[in-house]
Amino acid sequence: MARTVMWFRRDLRLADNPALLAAAGRLGTREPGAPGDQREVLALYVLDPHLLSRAGAPRRAYLHDSLRALAEAIEDAGGRLAVVTGDPVVEVPRVANRVGAEEVHVAADFAPYGAARDDAVEQALTAQDRRLVRTGSPYAVAPGRVRKGDGEPYRVFTPFRAAWLDHGWRAPVPAPDGVRWLEPPRGAGGAADGEGTRALAARPDVDVPEAGEGAARALWEEFQDDGLDRYQQDRDRPDLAGTSRLSIALRWGEIHPRTLLADLTRLGQDGRRSSGMHDGVASFRSELAWREFFADALWHTPTSARTSLHAVVPEDAWVDGVDEDAALEAWAAGRTGYPFVDAGMRQLAAAGWMHGRVRMVTASFLVKDLHVRWQRGARHFMRHLLDGDLASNQHNWQWVAGTGLDAAPYFRIFNPVTQGTKFDPHGDYVRRWVPELRDVPGAVVHEPWRLRETPAGYPERMLDHAVERKVALDAYGRR
């Protein structure tokens, strides 16, 4: 009987996982029980030190919990998850050789590091007369598939979304039944007993949400029942529970976007649903399209992960040295003196997550008020966000900075006060995350400098937004 390895990465689930079906010999038109169809499958996860070194404690803790949930699901199906630590280029061929696997199955990775890593693993496996088999991806439509009529990639979101919708995607696939799981070889411990995940075990001072495929499914079901019909009107309000919070599960692949899109299609076609539900379906689908647009952009231009696609100000517009470090430190600590910004940064530190509207405001403040390069802020977000995804994170930062594809113009500068009063009109979001201001009533909490006395412990404004806005616009005019 043939043996294969299912190498899990950004697909920590059993359902709607085409790579797992392929590994088990269940993909395509063959009947699951047909002669020669059965394979023995080793479930494998590799803790890559290159990636772990760039992840903060909250991200490592969430990965630990997600791997535990995956391991338990595999145990319920009669198998065990092997977890090894090391360079995948070394470890994957080593494990495949140990169990005598002919193939290693993965979902394709389109990010710069992941694609290069997989090419190197493929070469190492080929040298052993083994194969790396890529099936599916973390996206409904793989990057590079949606193109303009002349074959060029889209550089503007709206026409990309239209073409993406026209292209369509495959239906979700079920989890395979009756997989013949291989026992991990000696030296590859199981995630459920912590043998292979000791580097992830330390618990951070962050309220890490429940992880795993089951939790993601439950969260999605809850949002469909109580949230999607108000999504269009509430999604920009950080003081309300107006978003799905599924970005974390999507990042780790605990649920696939095709699963969400299939349910959205069903809900959108139900004529009994309210207009709010139909608006919510369209808006939520559009947010998934942004995720795929950014992944497509990164695949076509890998340098966009680190380099601005468009220079919008001269180099001397940016702060450097100790001034840059001091600005970044105050911003990261939520000590800028602008409550809406500080609430967002403290939410990030305490929860490993930040509301999307506030991400835009905090990013704008760093780039256009503090004059710090977007790359510094993007790096901080990637280290701390539980849903930190390279393509979405870097390109959202470039959108705010005005340097990327379909970017906001550089002269769009978010005012942290008006953004706060508009999207946190009663000040509840600020009071939740900035305890020094909890006794300040109403919307005045967004401008504590207007009070007779600044609340004890809260810092004075480190700058005047009106002044720094002019500085940013002047720099833009010098380009």
# chains A, B, ... in the order shown; residues from 1 in each chain; ligands from 1
>>> residues_around(residues="segment 54-62 of chain A", least_positions_apart="6", cutoff="8 Å", atoms="only C-alpha atoms", output="list in words")
Leu200, Ala201, Ala202, Arg203, Pro204, Val206, Val208, Pro209, Ala211, Gly352, Met382, Arg383, His384, Leu385 and Leu386 of chain A
>>> closest_atom_pairs(of="segment 342-390 of chain A", to="segment 425-433 of chain A", cutoff="8 Å", atoms="only C-alpha atoms", output="Markdown table")
| residue | atom | partner | partner_atom | distance |
| --- | --- | --- | --- | --- |
| A:Ala343 | CA | A:Trp433 | CA | 5.0 |
| A:Gly344 | CA | A:Trp433 | CA | 7.7 |
| A:Arg346 | CA | A:Trp433 | CA | 6.2 |
| A:Gln347 | CA | A:Trp433 | CA | 6.2 |
>>> closest_residue(among="A:Val281, A:Ala115, A:Val319, A:Ala120", to="Val92 of chain A", atoms="only C-alpha atoms")
A:Ala120
>>> closest_residue(among="A:Trp353, A:Phe414, A:Phe284, A:Tyr154", to="Glu468 of chain A", atoms="only C-alpha atoms")
A:Phe414
>>> atom_distance(atom1="atom CA of Gly151 of chain A", atom2="atom CA of Gly402 of chain A")
25.7 Å
>>> residues_around(residues="segment 98-110 of chain A", least_positions_apart="5", cutoff="6 Å", atoms="only C-alpha atoms", output="list in words")
Arg3, Thr4, Val5, Met6, Trp7, Ala19, Ala23, Ala115, Arg130, Arg131, Leu132, Val133, Arg134, Thr135, Gly136 and Ser137 of chain A
>>> write_last_selection(atoms="C-alpha atoms", output="PDB file, in the first residue's frame")
ATOM      1  CA  ARG A   3       2.396   5.845   1.748  1.00  0.00           C
ATOM      2  CA  THR A   4       2.132   9.623   1.675  1.00  0.00           C
ATOM      3  CA  VAL A   5       2.822  12.582   3.958  1.00  0.00           C
ATOM      4  CA  MET A   6       0.263  15.328   4.488  1.00  0.00           C
ATOM      5  CA  TRP A   7       2.347  18.384   5.401  1.00  0.00           C
ATOM      6  CA  ALA A  19      -4.475  18.490  -0.273  1.00  0.00           C
ATOM      7  CA  ALA A  23      -2.829  12.600   0.162  1.00  0.00           C
ATOM      8  CA  ALA A 115       7.199  29.470  -2.448  1.00  0.00           C
ATOM      9  CA  ARG A 130       9.884  11.306  -4.134  1.00  0.00           C
ATOM     10  CA  ARG A 131       7.354  13.946  -5.187  1.00  0.00           C
ATOM     11  CA  LEU A 132       5.980  17.148  -3.724  1.00  0.00           C
ATOM     12  CA  VAL A 133       2.325  17.417  -4.777  1.00  0.00           C
ATOM     13  CA  ARG A 134       0.607  20.812  -4.537  1.00  0.00           C
ATOM     14  CA  THR A 135      -3.188  20.775  -4.391  1.00  0.00           C
ATOM     15  CA  GLY A 136      -5.323  23.795  -3.611  1.00  0.00           C
ATOM     16  CA  SER A 137      -4.226  26.912  -1.748  1.00  0.00           C
TER      17      SER A 137
END
>>> atom_distance(atom1="atom CA of Gln398 of chain A", atom2="atom CA of Ala363 of chain A")
9.6 Å
>>> residues_around(residues="Ala311 of chain A", least_positions_apart="3", cutoff="12 Å", atoms="only C-alpha atoms", output="PyMOL selection string")
chain A and resi 307-308+314-315+317+373-374+398+401-404+409-410+475-476+478-479
>>> atom_distance(atom1="atom CA of Val46 of chain A", atom2="atom CA of Asp87 of chain A")
7.9 Å
>>> closest_residue(among="A:Gly280, A:Gly79, A:Pro18, A:Gly86", to="Ala171 of chain A", atoms="only C-alpha atoms")
A:Pro18
>>> closest_residue(among="A:Leu250, A:Ser275, A:Tyr338, A:Pro174", to="Leu27 of chain A", atoms="only C-alpha atoms")
A:Pro174
>>> residues_around(residues="Phe157 of chain A", least_positions_apart="5", cutoff="9 Å", atoms="only C-alpha atoms", output="ChimeraX atom specification")
/A:162,289-290,293-294,405-406
>>> closest_residue(among="A:Glu324, A:Glu152, A:Asp342, A:Glu287", to="Leu246 of chain A", atoms="only C-alpha atoms")
A:Glu287
>>> select_by_dssp(residues="segment 188-403 of chain A", states="helix (DSSP H, G or I)", output="PyMOL selection string")
chain A and resi 191-193+198-200+213-225+228-234+247-252+257-269+275-300+302-305+315-317+321-333+339-351+356-369+374-384+390-401
>>> decode(residues="segment 88-120 of chain A", atoms="N, CA and C atoms", output="PDB file, in the first residue's frame")
ATOM      1  N   PRO A  88      12.423  22.984   7.153  1.00  0.00           N
ATOM      2  CA  PRO A  88      11.607  22.047   6.381  1.00  0.00           C
ATOM      3  C   PRO A  88      12.348  21.390   5.227  1.00  0.00           C
ATOM      4  N   VAL A  89      13.332  22.086   4.665  1.00  0.00           N
ATOM      5  CA  VAL A  89      14.091  21.518   3.554  1.00  0.00           C
ATOM      6  C   VAL A  89      14.844  20.269   4.006  1.00  0.00           C
ATOM      7  N   VAL A  90      15.166  20.210   5.284  1.00  0.00           N
ATOM      8  CA  VAL A  90      15.839  19.035   5.855  1.00  0.00           C
ATOM      9  C   VAL A  90      14.822  18.060   6.432  1.00  0.00           C
ATOM     10  N   GLU A  91      13.868  18.594   7.212  1.00  0.00           N
ATOM     11  CA  GLU A  91      12.985  17.737   7.992  1.00  0.00           C
ATOM     12  C   GLU A  91      11.947  17.000   7.154  1.00  0.00           C
ATOM     13  N   VAL A  92      11.373  17.648   6.161  1.00  0.00           N
ATOM     14  CA  VAL A  92      10.327  16.983   5.377  1.00  0.00           C
ATOM     15  C   VAL A  92      10.894  15.779   4.616  1.00  0.00           C
ATOM     16  N   PRO A  93      12.005  15.914   3.871  1.00  0.00           N
ATOM     17  CA  PRO A  93      12.564  14.724   3.223  1.00  0.00           C
ATOM     18  C   PRO A  93      12.998  13.653   4.224  1.00  0.00           C
ATOM     19  N   ARG A  94      13.499  14.086   5.380  1.00  0.00           N
ATOM     20  CA  ARG A  94      13.928  13.108   6.396  1.00  0.00           C
ATOM     21  C   ARG A  94      12.751  12.283   6.884  1.00  0.00           C
ATOM     22  N   VAL A  95      11.639  12.945   7.200  1.00  0.00           N
ATOM     23  CA  VAL A  95      10.463  12.225   7.686  1.00  0.00           C
ATOM     24  C   VAL A  95       9.883  11.348   6.579  1.00  0.00           C
ATOM     25  N   ALA A  96       9.805  11.879   5.349  1.00  0.00           N
ATOM     26  CA  ALA A  96       9.288  11.084   4.234  1.00  0.00           C
ATOM     27  C   ALA A  96      10.126   9.819   4.039  1.00  0.00           C
ATOM     28  N   ASN A  97      11.417   9.953   4.174  1.00  0.00           N
ATOM     29  CA  ASN A  97      12.303   8.798   4.032  1.00  0.00           C
ATOM     30  C   ASN A  97      12.085   7.792   5.157  1.00  0.00           C
ATOM     31  N   ARG A  98      11.891   8.314   6.390  1.00  0.00           N
ATOM     32  CA  ARG A  98      11.712   7.431   7.544  1.00  0.00           C
ATOM     33  C   ARG A  98      10.477   6.551   7.404  1.00  0.00           C
ATOM     34  N   VAL A  99       9.415   7.091   6.823  1.00  0.00           N
ATOM     35  CA  VAL A  99       8.177   6.311   6.723  1.00  0.00           C
ATOM     36  C   VAL A  99       8.010   5.673   5.351  1.00  0.00           C
ATOM     37  N   GLY A 100       8.942   5.927   4.438  1.00  0.00           N
ATOM     38  CA  GLY A 100       8.851   5.339   3.107  1.00  0.00           C
ATOM     39  C   GLY A 100       7.745   5.924   2.263  1.00  0.00           C
ATOM     40  N   ALA A 101       7.501   7.229   2.405  1.00  0.00           N
ATOM     41  CA  ALA A 101       6.428   7.882   1.646  1.00  0.00           C
ATOM     42  C   ALA A 101       6.892   8.201   0.234  1.00  0.00           C
ATOM     43  N   GLU A 102       6.023   7.947  -0.727  1.00  0.00           N
ATOM     44  CA  GLU A 102       6.339   8.261  -2.120  1.00  0.00           C
ATOM     45  C   GLU A 102       6.064   9.717  -2.446  1.00  0.00           C
ATOM     46  N   GLU A 103       5.088  10.310  -1.747  1.00  0.00           N
ATOM     47  CA  GLU A 103       4.669  11.680  -2.043  1.00  0.00           C
ATOM     48  C   GLU A 103       4.490  12.465  -0.747  1.00  0.00           C
ATOM     49  N   VAL A 104       4.742  13.762  -0.845  1.00  0.00           N
ATOM     50  CA  VAL A 104       4.418  14.715   0.216  1.00  0.00           C
ATOM     51  C   VAL A 104       3.393  15.686  -0.361  1.00  0.00           C
ATOM     52  N   HIS A 105       2.247  15.810   0.291  1.00  0.00           N
ATOM     53  CA  HIS A 105       1.152  16.631  -0.213  1.00  0.00           C
ATOM     54  C   HIS A 105       1.034  17.919   0.582  1.00  0.00           C
ATOM     55  N   VAL A 106       0.820  19.024  -0.134  1.00  0.00           N
ATOM     56  CA  VAL A 106       0.686  20.338   0.486  1.00  0.00           C
ATOM     57  C   VAL A 106      -0.351  21.151  -0.279  1.00  0.00           C
ATOM     58  N   ALA A 107      -0.870  22.190   0.390  1.00  0.00           N
ATOM     59  CA  ALA A 107      -1.575  23.263  -0.303  1.00  0.00           C
ATOM     60  C   ALA A 107      -0.524  24.264  -0.747  1.00  0.00           C
ATOM     61  N   ALA A 108      -0.614  24.733  -1.963  1.00  0.00           N
ATOM     62  CA  ALA A 108       0.418  25.610  -2.520  1.00  0.00           C
ATOM     63  C   ALA A 108       0.554  26.883  -1.696  1.00  0.00           C
ATOM     64  N   ASP A 109       1.785  27.324  -1.519  1.00  0.00           N
ATOM     65  CA  ASP A 109       2.092  28.567  -0.806  1.00  0.00           C
ATOM     66  C   ASP A 109       2.593  29.572  -1.838  1.00  0.00           C
ATOM     67  N   PHE A 110       1.964  30.746  -1.891  1.00  0.00           N
ATOM     68  CA  PHE A 110       2.312  31.740  -2.902  1.00  0.00           C
ATOM     69  C   PHE A 110       3.104  32.911  -2.345  1.00  0.00           C
ATOM     70  N   ALA A 111       3.356  32.931  -1.038  1.00  0.00           N
ATOM     71  CA  ALA A 111       4.154  34.000  -0.450  1.00  0.00           C
ATOM     72  C   ALA A 111       5.627  33.796  -0.810  1.00  0.00           C
ATOM     73  N   PRO A 112       6.424  34.856  -0.820  1.00  0.00           N
ATOM     74  CA  PRO A 112       7.823  34.726  -1.290  1.00  0.00           C
ATOM     75  C   PRO A 112       8.616  33.664  -0.551  1.00  0.00           C
ATOM     76  N   TYR A 113       8.625  33.700   0.766  1.00  0.00           N
ATOM     77  CA  TYR A 113       9.404  32.706   1.510  1.00  0.00           C
ATOM     78  C   TYR A 113       8.835  31.311   1.318  1.00  0.00           C
ATOM     79  N   GLY A 114       7.518  31.176   1.431  1.00  0.00           N
ATOM     80  CA  GLY A 114       6.910  29.861   1.322  1.00  0.00           C
ATOM     81  C   GLY A 114       7.113  29.226  -0.038  1.00  0.00           C
ATOM     82  N   ALA A 115       7.012  30.019  -1.102  1.00  0.00           N
ATOM     83  CA  ALA A 115       7.199  29.470  -2.448  1.00  0.00           C
ATOM     84  C   ALA A 115       8.634  29.002  -2.646  1.00  0.00           C
ATOM     85  N   ALA A 116       9.602  29.808  -2.168  1.00  0.00           N
ATOM     86  CA  ALA A 116      11.011  29.416  -2.293  1.00  0.00           C
ATOM     87  C   ALA A 116      11.317  28.185  -1.447  1.00  0.00           C
ATOM     88  N   ARG A 117      10.758  28.133  -0.249  1.00  0.00           N
ATOM     89  CA  ARG A 117      10.943  26.960   0.615  1.00  0.00           C
ATOM     90  C   ARG A 117      10.411  25.704  -0.056  1.00  0.00           C
ATOM     91  N   ASP A 118       9.214  25.797  -0.647  1.00  0.00           N
ATOM     92  CA  ASP A 118       8.621  24.618  -1.271  1.00  0.00           C
ATOM     93  C   ASP A 118       9.424  24.157  -2.476  1.00  0.00           C
ATOM     94  N   ASP A 119       9.970  25.089  -3.236  1.00  0.00           N
ATOM     95  CA  ASP A 119      10.821  24.707  -4.364  1.00  0.00           C
ATOM     96  C   ASP A 119      12.055  23.946  -3.871  1.00  0.00           C
ATOM     97  N   ALA A 120      12.628  24.402  -2.758  1.00  0.00           N
ATOM     98  CA  ALA A 120      13.808  23.731  -2.209  1.00  0.00           C
ATOM     99  C   ALA A 120      13.450  22.355  -1.668  1.00  0.00           C
TER     100      ALA A 120
END
